[in-house]
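The file data-v2.txt contains compact mmCIF, C-alpha atoms and all ligand atoms:
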```txt
# COMPACT_ATOMS: atom_id res chain seq x y z
CA MET X 1 86.01 -13.55 -124.07
CA THR X 2 87.94 -10.83 -122.34
CA PHE X 3 88.48 -10.43 -118.62
CA GLN X 4 88.28 -7.50 -116.28
CA ALA X 5 89.83 -6.94 -112.87
CA PRO X 6 87.49 -7.94 -110.02
CA LYS X 7 85.00 -5.31 -108.88
CA GLY X 8 86.42 -2.88 -106.34
CA VAL X 9 90.05 -3.76 -107.07
CA PRO X 10 92.08 -0.78 -108.26
CA GLU X 11 95.12 -1.20 -110.48
CA TYR X 12 97.99 1.22 -110.81
CA LEU X 13 99.41 1.41 -114.28
CA PRO X 14 102.28 3.54 -115.58
CA PRO X 15 102.62 6.49 -115.29
CA ARG X 16 100.28 6.67 -112.23
CA SER X 17 102.04 3.72 -110.64
CA ALA X 18 105.01 6.04 -110.03
CA THR X 19 102.86 7.89 -107.47
CA PHE X 20 102.02 4.55 -105.82
CA LEU X 21 105.74 3.86 -105.31
CA ALA X 22 106.41 7.45 -104.22
CA VAL X 23 103.77 7.12 -101.48
CA ARG X 24 105.17 3.85 -100.19
CA THR X 25 108.72 5.19 -100.33
CA ALA X 26 107.83 8.36 -98.40
CA PHE X 27 106.48 6.35 -95.45
CA ALA X 28 109.10 3.59 -95.68
CA THR X 29 111.89 6.15 -95.50
CA MET X 30 110.49 7.62 -92.30
CA ALA X 31 109.89 4.19 -90.73
CA LEU X 32 113.44 3.07 -91.53
CA ASN X 33 114.88 6.35 -90.25
CA SER X 34 112.96 5.76 -87.02
CA GLY X 35 114.48 2.32 -86.39
CA TYR X 36 111.60 0.16 -87.64
CA SER X 37 112.49 -3.13 -89.38
CA TYR X 38 110.58 -4.63 -92.28
CA ILE X 39 108.36 -7.66 -91.62
CA GLU X 40 106.58 -9.76 -94.25
CA VAL X 41 103.47 -11.46 -92.88
CA PRO X 42 100.99 -13.83 -94.58
CA VAL X 43 98.23 -12.58 -96.87
CA PHE X 44 95.85 -15.08 -95.23
CA GLU X 45 95.58 -16.38 -91.71
CA ASP X 46 93.38 -18.54 -89.52
CA THR X 47 89.92 -16.87 -89.53
CA GLU X 48 89.83 -17.07 -85.73
CA LEU X 49 92.81 -14.70 -85.47
CA TYR X 50 90.81 -11.87 -87.01
CA ALA X 51 87.58 -12.79 -85.21
CA ARG X 52 89.39 -12.54 -81.87
CA GLY X 53 91.92 -9.85 -82.79
CA VAL X 54 89.84 -7.36 -84.76
CA GLY X 55 86.65 -8.11 -82.82
CA GLU X 56 83.49 -10.19 -83.35
CA SER X 57 81.20 -7.17 -83.31
CA THR X 58 83.01 -5.12 -85.95
CA ASP X 59 81.73 -4.62 -89.50
CA VAL X 60 85.11 -5.82 -90.72
CA VAL X 61 84.61 -9.24 -89.12
CA THR X 62 80.85 -9.67 -89.46
CA LYS X 63 80.37 -8.35 -93.00
CA GLU X 64 83.60 -7.77 -94.85
CA MET X 65 85.95 -10.71 -94.55
CA TYR X 66 87.04 -12.82 -97.50
CA THR X 67 86.77 -16.19 -95.80
CA PHE X 68 87.25 -19.56 -97.47
CA ALA X 69 87.84 -23.16 -96.51
CA ASP X 70 91.13 -24.48 -97.78
CA ARG X 71 91.38 -28.00 -99.18
CA GLY X 72 92.14 -29.29 -95.71
CA GLY X 73 88.87 -27.85 -94.42
CA ARG X 74 90.50 -25.06 -92.39
CA SER X 75 88.76 -21.70 -92.32
CA MET X 76 91.12 -19.08 -93.72
CA THR X 77 90.64 -15.35 -94.22
CA LEU X 78 92.44 -12.89 -96.47
CA ARG X 79 93.92 -10.27 -94.14
CA PRO X 80 91.51 -7.35 -93.64
CA GLU X 81 94.35 -5.46 -91.90
CA PHE X 82 97.89 -6.12 -90.67
CA THR X 83 97.97 -5.55 -86.92
CA ALA X 84 96.56 -8.92 -85.81
CA GLY X 85 98.96 -10.76 -88.12
CA VAL X 86 101.97 -8.74 -86.98
CA MET X 87 101.10 -9.45 -83.33
CA ARG X 88 100.56 -13.16 -84.08
CA SER X 89 103.94 -13.34 -85.81
CA THR X 90 105.68 -11.47 -82.97
CA LEU X 91 104.27 -13.91 -80.39
CA GLU X 92 104.86 -17.03 -82.50
CA HIS X 93 108.52 -16.18 -83.09
CA GLY X 94 109.17 -14.70 -79.66
CA LEU X 95 110.30 -11.33 -80.97
CA HIS X 96 109.02 -9.83 -77.72
CA ASN X 97 111.63 -11.82 -75.78
CA GLY X 98 114.37 -9.62 -77.23
CA GLN X 99 114.79 -5.89 -76.90
CA LEU X 100 111.62 -3.91 -76.50
CA PRO X 101 109.88 -2.27 -78.16
CA VAL X 102 109.76 -4.52 -81.21
CA LYS X 103 109.50 -1.98 -84.03
CA LEU X 104 108.13 -3.26 -87.34
CA TRP X 105 106.73 -1.95 -90.59
CA THR X 106 105.07 -3.68 -93.50
CA THR X 107 103.06 -2.82 -96.58
CA GLY X 108 100.82 -4.52 -99.11
CA PRO X 109 97.20 -5.31 -99.93
CA ALA X 110 94.42 -6.00 -97.43
CA PHE X 111 90.94 -7.24 -98.31
CA ARG X 112 87.53 -6.05 -97.18
CA TYR X 113 84.26 -6.90 -98.90
CA GLU X 114 82.90 -3.36 -98.86
CA ARG X 115 80.54 -1.61 -101.26
CA PRO X 116 83.00 -0.17 -103.79
CA GLN X 117 83.01 3.56 -104.44
CA ALA X 118 85.60 6.27 -105.01
CA GLY X 119 88.35 5.65 -102.47
CA ARG X 120 86.70 2.53 -101.02
CA TYR X 121 87.98 -0.70 -102.41
CA ARG X 122 87.82 -4.42 -101.77
CA GLN X 123 91.53 -4.78 -102.25
CA LEU X 124 93.06 -1.84 -100.44
CA GLN X 125 96.71 -1.01 -100.01
CA GLN X 126 98.10 -0.15 -96.60
CA PHE X 127 101.38 1.00 -95.20
CA ASN X 128 101.58 -0.22 -91.62
CA VAL X 129 103.79 0.52 -88.60
CA GLU X 130 103.69 -1.27 -85.22
CA ALA X 131 105.69 -0.86 -81.98
CA ILE X 132 105.10 -3.79 -79.64
CA GLY X 133 106.08 -4.08 -75.99
CA THR X 134 106.02 -0.48 -74.80
CA GLU X 135 103.64 1.67 -72.81
CA ASP X 136 105.72 4.80 -73.29
CA PRO X 137 103.53 7.61 -74.65
CA ALA X 138 106.61 8.80 -76.56
CA VAL X 139 106.14 5.82 -78.88
CA ASP X 140 102.51 6.81 -79.49
CA ALA X 141 103.86 10.21 -80.53
CA GLU X 142 106.71 8.66 -82.52
CA THR X 143 104.36 6.53 -84.64
CA ILE X 144 102.04 9.48 -85.22
CA ALA X 145 105.05 11.57 -86.26
CA ILE X 146 106.13 8.91 -88.79
CA ALA X 147 102.75 9.07 -90.49
CA TRP X 148 102.68 12.85 -90.31
CA SER X 149 106.18 13.13 -91.81
CA GLY X 150 105.20 10.75 -94.62
CA TYR X 151 102.33 13.03 -95.61
CA GLN X 152 104.62 16.04 -95.35
CA ALA X 153 107.29 14.41 -97.51
CA LEU X 154 104.68 13.97 -100.24
CA GLY X 155 103.90 17.68 -100.04
CA LEU X 156 100.36 17.25 -98.67
CA THR X 157 99.25 20.38 -96.83
CA ARG X 158 95.60 19.63 -96.01
CA VAL X 159 95.97 16.58 -93.75
CA ARG X 160 94.24 16.79 -90.36
CA LEU X 161 95.07 14.65 -87.34
CA LEU X 162 91.98 13.84 -85.28
CA LEU X 163 93.11 12.64 -81.86
CA ASN X 164 91.29 10.83 -79.09
CA THR X 165 91.81 8.37 -76.27
CA LEU X 166 89.58 5.43 -75.39
CA GLY X 167 90.80 4.84 -71.86
CA CYS X 168 91.86 1.45 -70.52
CA LYS X 169 90.55 -1.65 -68.72
CA GLN X 170 90.27 0.43 -65.53
CA CYS X 171 88.31 3.43 -66.72
CA ARG X 172 86.48 2.32 -69.84
CA PRO X 173 83.86 0.05 -68.17
CA ALA X 174 82.44 2.91 -66.08
CA TYR X 175 82.36 5.16 -69.13
CA ARG X 176 80.72 2.44 -71.19
CA ALA X 177 78.02 2.01 -68.54
CA ALA X 178 77.40 5.78 -68.37
CA LEU X 179 77.17 5.94 -72.15
CA GLN X 180 74.76 2.99 -72.26
CA ASP X 181 72.52 4.63 -69.66
CA PHE X 182 72.43 7.79 -71.74
CA LEU X 183 71.79 5.97 -75.04
CA ARG X 184 69.05 3.70 -73.69
CA ALA X 185 66.98 6.78 -72.90
CA LEU X 186 67.02 7.96 -76.53
CA ASP X 187 64.53 7.36 -79.33
CA LEU X 188 66.47 4.96 -81.56
CA ASP X 189 65.58 2.18 -83.98
CA GLU X 190 65.89 -1.44 -82.98
CA ALA X 191 69.21 -2.20 -84.69
CA THR X 192 70.79 0.81 -83.01
CA ARG X 193 69.32 -0.18 -79.63
CA ALA X 194 70.92 -3.59 -80.08
CA ARG X 195 74.25 -1.89 -80.80
CA ILE X 196 74.01 -0.03 -77.47
CA GLU X 197 74.35 -3.36 -75.69
CA ILE X 198 77.16 -4.75 -77.84
CA ASN X 199 79.28 -1.74 -78.71
CA PRO X 200 77.80 1.57 -77.46
CA LEU X 201 80.79 3.58 -78.70
CA ARG X 202 79.84 2.71 -82.25
CA VAL X 203 76.51 4.52 -81.80
CA LEU X 204 78.43 7.78 -81.37
CA ASP X 205 79.87 7.17 -84.83
CA ASP X 206 76.42 6.82 -86.49
CA LYS X 207 76.41 9.29 -89.38
CA ARG X 208 72.61 9.77 -89.60
CA PRO X 209 71.67 13.35 -88.64
CA GLU X 210 68.73 12.23 -86.45
CA VAL X 211 71.12 10.07 -84.41
CA GLN X 212 73.86 12.70 -84.37
CA ALA X 213 71.37 15.26 -83.00
CA GLN X 214 70.41 12.92 -80.15
CA VAL X 215 73.95 11.96 -79.14
CA ALA X 216 75.20 15.55 -79.12
CA ASP X 217 75.13 15.60 -75.29
CA ALA X 218 76.39 12.07 -74.75
CA PRO X 219 78.99 11.63 -72.01
CA LEU X 220 82.55 11.87 -73.27
CA ILE X 221 85.38 9.45 -72.52
CA THR X 222 87.66 12.38 -71.82
CA ASP X 223 85.53 13.18 -68.76
CA HIS X 224 85.87 9.61 -67.45
CA LEU X 225 89.60 8.89 -67.81
CA CYS X 226 91.55 7.39 -64.92
CA ALA X 227 94.59 9.32 -63.73
CA SER X 228 97.12 7.23 -65.66
CA CYS X 229 95.16 7.40 -68.93
CA LYS X 230 94.82 11.14 -68.50
CA ALA X 231 98.57 11.50 -67.85
CA HIS X 232 99.32 9.30 -70.85
CA HIS X 233 97.08 11.35 -73.14
CA ASP X 234 98.52 14.64 -71.89
CA ARG X 235 102.05 13.40 -72.46
CA VAL X 236 101.27 12.31 -76.07
CA ARG X 237 99.87 15.75 -76.78
CA THR X 238 102.84 17.53 -75.16
CA LEU X 239 105.27 15.54 -77.28
CA LEU X 240 103.28 16.18 -80.47
CA GLU X 241 103.34 19.85 -79.63
CA ASP X 242 107.12 19.69 -79.20
CA LEU X 243 107.42 18.14 -82.66
CA GLY X 244 105.14 20.73 -84.22
CA VAL X 245 102.56 18.12 -85.24
CA PRO X 246 99.14 19.80 -85.08
CA TRP X 247 96.07 17.85 -83.99
CA GLU X 248 92.41 18.36 -83.24
CA ASP X 249 91.01 16.88 -80.03
CA THR X 250 88.13 14.69 -81.18
CA PRO X 251 86.53 13.12 -78.10
CA ARG X 252 83.87 11.36 -80.20
CA LEU X 253 86.29 9.66 -82.54
CA VAL X 254 85.51 5.95 -82.76
CA ARG X 255 87.55 3.45 -84.74
CA GLY X 256 86.15 0.52 -86.71
CA LEU X 257 88.32 -2.11 -85.00
CA ASP X 258 87.80 -3.35 -81.44
CA TYR X 259 91.34 -3.69 -80.12
CA TYR X 260 92.01 -0.04 -79.36
CA THR X 261 92.84 1.30 -75.91
CA ARG X 262 94.07 4.75 -74.90
CA THR X 263 95.47 6.74 -77.86
CA THR X 264 93.36 6.53 -81.03
CA TYR X 265 93.47 8.77 -84.06
CA GLU X 266 92.63 9.23 -87.69
CA PHE X 267 94.17 11.28 -90.47
CA ASP X 268 91.64 12.97 -92.65
CA HIS X 269 91.87 14.77 -95.99
CA PRO X 270 89.12 17.31 -96.68
CA LEU X 271 89.27 17.06 -100.49
CA LEU X 272 88.37 13.36 -100.62
CA GLY X 273 84.62 13.48 -99.95
CA ALA X 274 83.01 10.56 -98.12
CA GLN X 275 86.14 8.39 -97.91
CA SER X 276 88.31 11.04 -96.33
CA GLY X 277 90.18 8.80 -93.85
CA ILE X 278 93.71 8.50 -95.21
CA GLY X 279 95.16 6.78 -92.15
CA GLY X 280 94.39 5.68 -88.65
CA GLY X 281 95.81 3.96 -85.66
CA GLY X 282 96.37 3.87 -81.96
CA ARG X 283 97.22 1.74 -78.98
CA TYR X 284 96.10 -1.88 -78.58
CA ASP X 285 97.27 -2.90 -75.13
CA GLY X 286 94.88 -5.87 -74.91
CA LEU X 287 95.36 -7.41 -78.37
CA SER X 288 98.11 -9.85 -77.39
CA GLU X 289 95.96 -11.31 -74.61
CA ASP X 290 92.90 -11.39 -76.88
CA ILE X 291 94.75 -13.75 -79.19
CA GLY X 292 96.18 -15.95 -76.43
CA GLY X 293 99.47 -14.15 -75.74
CA PRO X 294 100.93 -12.57 -72.62
CA SER X 295 100.17 -9.06 -71.50
CA LEU X 296 102.01 -7.04 -74.14
CA PRO X 297 101.08 -3.49 -75.09
CA GLY X 298 101.40 -2.09 -78.58
CA VAL X 299 100.79 0.97 -80.70
CA GLY X 300 100.80 1.66 -84.43
CA PHE X 301 98.96 2.87 -87.50
CA ALA X 302 98.09 2.09 -91.08
CA VAL X 303 97.76 4.64 -93.84
CA GLY X 304 95.69 3.97 -96.95
CA VAL X 305 97.97 4.16 -99.97
CA ASP X 306 95.04 4.27 -102.45
CA ARG X 307 93.48 7.27 -100.74
CA ILE X 308 96.81 9.07 -100.32
CA ILE X 309 97.28 8.81 -104.09
CA LEU X 310 93.86 10.45 -104.49
CA ALA X 311 94.91 13.16 -101.99
CA VAL X 312 98.19 13.77 -103.85
CA GLU X 313 96.17 14.17 -107.05
CA ALA X 314 93.53 16.35 -105.36
CA GLU X 315 96.26 18.71 -104.15
CA ASP X 316 97.73 18.66 -107.65
CA LEU X 317 101.01 17.18 -106.46
CA ALA X 318 101.14 14.21 -108.84
CA ARG X 319 104.80 13.77 -109.50
CA GLU X 320 106.27 14.31 -112.91
CA VAL X 321 106.70 10.95 -114.54
CA PRO X 322 110.21 9.83 -113.65
CA PRO X 323 112.39 8.84 -116.62
CA ARG X 324 112.37 5.09 -117.16
CA VAL X 325 116.04 4.91 -118.04
CA ALA X 326 119.12 7.12 -118.40
CA VAL X 327 120.50 5.57 -121.58
CA TYR X 328 118.63 4.23 -124.63
CA GLY X 329 120.27 2.14 -127.34
CA VAL X 330 119.47 2.72 -131.00
CA PRO X 331 120.95 -0.10 -133.12
CA LEU X 332 120.85 0.06 -136.90
CA GLY X 333 121.23 -3.44 -138.30
CA GLU X 334 121.48 -6.92 -136.87
CA GLU X 335 125.15 -6.91 -135.94
CA ALA X 336 124.78 -3.52 -134.19
CA ALA X 337 121.76 -4.87 -132.30
CA ARG X 338 123.83 -7.77 -130.99
CA ARG X 339 126.68 -5.52 -129.89
CA LEU X 340 124.40 -2.95 -128.30
CA PHE X 341 122.43 -5.65 -126.51
CA LYS X 342 125.62 -6.61 -124.67
CA LEU X 343 126.58 -2.99 -123.98
CA VAL X 344 123.15 -2.27 -122.52
CA HIS X 345 123.54 -5.30 -120.26
CA GLU X 346 126.95 -4.01 -119.11
CA LEU X 347 125.53 -0.56 -118.43
CA ARG X 348 122.78 -2.08 -116.27
CA ALA X 349 125.34 -4.13 -114.34
CA ALA X 350 127.33 -0.92 -113.80
CA GLY X 351 124.25 0.67 -112.21
CA VAL X 352 123.10 2.73 -115.20
CA ALA X 353 119.41 2.25 -116.05
CA ALA X 354 119.36 1.40 -119.75
CA ASP X 355 116.99 0.12 -122.41
CA MET X 356 117.10 -0.20 -126.19
CA ALA X 357 114.97 -0.45 -129.29
CA PHE X 358 113.88 -3.93 -130.36
CA ASP X 359 112.18 -5.47 -133.40
CA GLY X 360 114.72 -4.03 -135.89
CA LYS X 361 113.21 -0.55 -135.69
CA GLY X 362 114.61 2.07 -138.04
CA LEU X 363 116.35 5.27 -136.89
CA LYS X 364 113.16 7.32 -136.67
CA GLY X 365 111.13 4.78 -134.71
CA ALA X 366 114.03 3.95 -132.40
CA MET X 367 114.72 7.64 -131.67
CA LYS X 368 111.05 8.07 -130.79
CA GLY X 369 111.53 5.27 -128.26
CA ALA X 370 114.57 7.07 -126.87
CA ASP X 371 112.52 10.22 -126.49
CA ARG X 372 109.65 8.50 -124.71
CA SER X 373 111.93 6.66 -122.33
CA GLY X 374 113.11 9.93 -120.82
CA ALA X 375 116.75 8.89 -121.36
CA VAL X 376 119.48 11.50 -120.96
CA TYR X 377 121.60 9.87 -123.69
CA ALA X 378 120.85 7.85 -126.80
CA VAL X 379 123.61 5.53 -128.02
CA ILE X 380 123.34 5.15 -131.79
CA LEU X 381 125.23 2.30 -133.38
CA GLY X 382 125.20 1.94 -137.18
CA GLU X 383 127.27 -0.22 -139.51
CA ARG X 384 129.80 2.55 -140.15
CA ASP X 385 130.20 3.16 -136.39
CA LEU X 386 130.75 -0.55 -135.86
CA ALA X 387 133.47 -0.59 -138.49
CA ALA X 388 135.09 2.41 -136.78
CA GLY X 389 134.78 0.72 -133.36
CA SER X 390 132.77 3.54 -131.80
CA ALA X 391 129.19 4.64 -131.14
CA GLN X 392 127.45 8.00 -131.42
CA VAL X 393 126.42 9.27 -127.98
CA LYS X 394 123.68 11.85 -128.31
CA HIS X 395 122.68 14.12 -125.44
CA MET X 396 118.90 14.12 -125.91
CA GLU X 397 118.20 17.59 -124.58
CA SER X 398 120.94 19.58 -126.33
CA GLY X 399 121.19 17.33 -129.40
CA GLU X 400 124.97 17.35 -129.00
CA GLN X 401 126.55 14.20 -130.41
CA THR X 402 130.03 12.72 -129.94
CA ALA X 403 131.72 9.49 -131.03
CA VAL X 404 132.87 7.31 -128.12
CA PRO X 405 135.03 4.18 -128.57
CA LEU X 406 132.96 1.07 -127.82
CA GLY X 407 135.47 -0.10 -125.18
CA GLU X 408 135.04 3.17 -123.26
CA LEU X 409 131.29 3.49 -123.60
CA VAL X 410 130.20 2.09 -120.23
CA GLY X 411 132.82 4.04 -118.27
CA THR X 412 132.19 7.28 -120.19
CA LEU X 413 128.41 7.14 -119.77
CA ALA X 414 128.58 6.12 -116.11
CA GLY X 415 131.01 9.00 -115.50
CA ARG X 416 128.96 11.60 -117.38
CA LEU X 417 125.72 10.57 -115.65
CA ALA X 418 127.33 10.63 -112.22
CA GLY X 419 128.91 14.04 -112.85
P1 LIG X 501 91.86 1.20 -90.53
O1 LIG X 501 91.42 2.54 -90.08
O2 LIG X 501 90.83 0.15 -90.64
O3 LIG X 501 93.01 0.75 -89.53
O4 LIG X 501 92.57 1.33 -91.92
C1 LIG X 501 93.66 2.24 -92.10
C2 LIG X 501 93.49 3.01 -93.39
O5 LIG X 501 93.34 2.09 -94.49
C3 LIG X 501 92.25 3.89 -93.46
O6 LIG X 501 92.48 5.12 -92.83
C4 LIG X 501 92.09 4.04 -94.97
O7 LIG X 501 92.94 5.06 -95.45
C5 LIG X 501 92.56 2.71 -95.49
N1 LIG X 501 91.40 1.86 -95.83
C6 LIG X 501 90.67 1.09 -95.00
N2 LIG X 501 89.68 0.48 -95.68
C7 LIG X 501 89.79 0.88 -96.96
C8 LIG X 501 89.06 0.59 -98.18
N3 LIG X 501 88.03 -0.27 -98.20
N4 LIG X 501 89.48 1.18 -99.33
C9 LIG X 501 90.53 2.02 -99.34
N5 LIG X 501 91.24 2.32 -98.24
C10 LIG X 501 90.89 1.76 -97.07
C11 LIG X 501 93.66 -0.45 -89.60
O8 LIG X 501 93.61 -1.21 -90.53
C12 LIG X 501 94.53 -0.72 -88.39
N6 LIG X 501 95.14 -2.05 -88.56
C13 LIG X 501 95.58 0.36 -88.25
C14 LIG X 501 96.48 0.13 -87.07
C15 LIG X 501 97.74 -0.35 -87.10
N7 LIG X 501 96.17 0.35 -85.81
C16 LIG X 501 97.20 0.02 -85.06
N8 LIG X 501 98.15 -0.43 -85.84
```
Any chance you could put this one into structure tokens?
Ligand code: HAM
Amino acid sequence: MTFQAPKGVPEYLPPRSATFLAVRTAFATMALNSGYSYIEVPVFEDTELYARGVGESTDVVTKEMYTFADRGGRSMTLRPEFTAGVMRSTLEHGLHNGQLPVKLWTTGPAFRYERPQAGRYRQLQQFNVEAIGTEDPAVDAETIAIAWSGYQALGLTRVRLLLNTLGCKQCRPAYRAALQDFLRALDLDEATRARIEINPLRVLDDKRPEVQAQVADAPLITDHLCASCKAHHDRVRTLLEDLGVPWEDTPRLVRGLDYYTRTTYEFDHPLLGAQSGIGGGGRYDGLSEDIGGPSLPGVGFAVGVDRIILAVEAEDLAREVPPRVAVYGVPLGEEAARRLFKLVHELRAAGVAADMAFDGKGLKGAMKGADRSGAVYAVILGERDLAAGSAQVKHMESGEQTAVPLGELVGTLAGRLAG
């Protein structure tokens, strides 16, 4: 019997896995440069955290969670996203009692039991940034700019930023009521009518053309904002303009998670078909209180690493496969293999990426290995070289070969590669 990876779980094998790391690195570099610290949070949490944090009426909570009882009978859920866990950890460890905002980033898999298709997976990879304890619209713009710069660093040119605001505790209820009044008068099926009462905003997001046609004239949140939400939204847009980050005002944008307030946005890539959302985020000023904490605002985003890889490939930007190592050892004979094994270890310790041929391969097979590794130099050690106390150092591209005393090999190679 052979096994296969679970349905809807993508794997990233070499050489494609290099793009996976490049994507993570692009965003991590920007987060670190912006003063965000790394946080490692659990892969599973108390189910109640997500029910309360992400929202009982969301698809994520009602249909997509990987929930199980542990052996102690506790209900646990594999994280469907990071934000609730990062907020829980911040509150539990009192990070918000220090300097604010608390700026954190994290990355890894999240789990949603969705119907798998291209770009939609059950184990999905996110890169996540959160700033907790600030209401400053500059931090909304800062987090957006981190995501934007990550896409730019990868060379993506087709990314669109769809920007909206959802108002706050003060102004959203009146908007919600106005929207419900409008929706109740429409000709909708029963499930959709039920949604009007629970989460009317979600009806705006219904993709069916017959629904879209009817909601075309629905009231917009942007016409119902209170003065402070309007000022906040204007300031975010001014700062984005200053940074040269382009956006499209999208007053109907609705997110799939319930904690959002004020700024909300999605990044979209037009070459990805149905699963075109390559990132999303916004403000969640009520999340802390929803999960039993004090009043503590926050803002952040997650980008989808899997989909960004697809976007990088769709724009034909897939990186050249990086060389695995800089030096590759080619030993001829058992004694040479022993000596080279130690030299390769010393090279690695000196910071030079090195590998060697194993299994007593002959010259031809071992040189093929050197070629495939992408090494700049091959170090060939035969019996005659051993007797002479030196090795042949071959520059793979030019074919130029010189004898280097074994005692000077590590220093010589480290020097040549650095120079
Ligand atoms: P989200 O929009 O649910 O937001 O997910 C963020 C990104 O994760 C999406 O834009 C998409 O690229 C990717 N993604 C989501 N589901 C899948 C899937 N099934 N397969 C592949 N990729 C997927 C959040 O998760 C929020 N926690 C973001 C946030 C952070 N808001 C504030 N802080």
Exercise. Any idea what's packed within 10 Å of Ser288 in chain X, counting all atoms listed in the file, ignoring anything in its chain fewer than 5 positions away? Could you give it as a PyMOL selection string?
Worked result: chain X and resi 53+84+87-88+90-91+132-133+259+293-298
Please, which residues in chain X fall within 7 Å of ligand LIG 501 (chain X) when counting only C-alpha atoms and all ligand atoms, and what is the closest atom pair and distance in Å to one decimal for each, ordered by chain then residue number, as a tab-separated table?
```
residue	atom	partner	partner_atom	distance
X:Glu81	CA	X:LIG501	O8	4.5
X:Phe82	CA	X:LIG501	N6	5.3
X:Thr83	CA	X:LIG501	N6	4.8
X:Arg112	CA	X:LIG501	N3	5.9
X:Glu114	CA	X:LIG501	N3	6.0
X:Gly119	CA	X:LIG501	C9	5.3
X:Arg120	CA	X:LIG501	N4	3.5
X:Tyr121	CA	X:LIG501	N4	3.9
X:Arg122	CA	X:LIG501	N3	5.5
X:Gln123	CA	X:LIG501	N4	6.9
X:Leu124	CA	X:LIG501	C9	4.7
X:Gln125	CA	X:LIG501	N5	6.6
X:Gln126	CA	X:LIG501	O5	5.7
X:Asn128	CA	X:LIG501	C15	5.9
X:Val129	CA	X:LIG501	C15	6.3
X:Glu130	CA	X:LIG501	N8	5.6
X:Arg255	CA	X:LIG501	O1	6.7
X:Gly256	CA	X:LIG501	O2	6.1
X:Leu257	CA	X:LIG501	O2	6.6
X:Glu266	CA	X:LIG501	O6	6.6
X:Phe267	CA	X:LIG501	O6	6.8
X:Gly277	CA	X:LIG501	O6	4.5
X:Ile278	CA	X:LIG501	O7	3.5
X:Gly279	CA	X:LIG501	O6	3.2
X:Gly280	CA	X:LIG501	O1	4.6
X:Gly281	CA	X:LIG501	N7	3.6
X:Gly282	CA	X:LIG501	C16	5.0
X:Arg283	CA	X:LIG501	C16	6.3
X:Tyr284	CA	X:LIG501	C16	6.8
X:Val299	CA	X:LIG501	C16	5.7
X:Gly300	CA	X:LIG501	N8	3.7
X:Phe301	CA	X:LIG501	C15	3.5
X:Ala302	CA	X:LIG501	C13	4.2
X:Val303	CA	X:LIG501	C2	4.6
X:Gly304	CA	X:LIG501	O7	3.3
X:Val305	CA	X:LIG501	O7	6.8
X:Asp306	CA	X:LIG501	C9	5.9
X:Arg307	CA	X:LIG501	O7	5.8
```
Exercise. Which residues, written as JSON, numbers by chain, have at least one atom at most 10 Å from range 31-36 of chain X, with all atoms listed in the file counted and residues fewer than 4 positions away on the same chain left out?
Worked result: {"X": [25, 26, 27, 101, 102, 103, 104, 105, 106, 128, 129, 130, 131, 142, 143, 145, 146, 147, 149, 150]}
For this session: Point out the residue among X:Glu346, X:Arg195, X:Val312, X:His93 with the least atom-to-atom distance to Arg16 in chain X, counting all atoms listed in the file.
Result: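 Checking each candidate against Arg16 in chain X, we get X:Val312 as the closest.
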For this session: Using only C-alpha atoms, find the one residue out of X:Gly286, X:Pro137, X:Gly382, X:Gly389 that sits nearest to Leu409 in chain X.
Result: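 Closest residue, counting only C-alpha atoms: X:Gly389.
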Problem set entry | Contacts of Lys368 in chain X within 12 Å, all atoms listed in the file, excl. fewer than 2 positions in-chain, as a ChimeraX atom specification | /X:328-330,356-357,361-366,370-375,378,396
Problem set entry | Atomic separation - CA of Thr165 in chain X relative to CA of Ala141 in chain X, Å | 12.9 Å
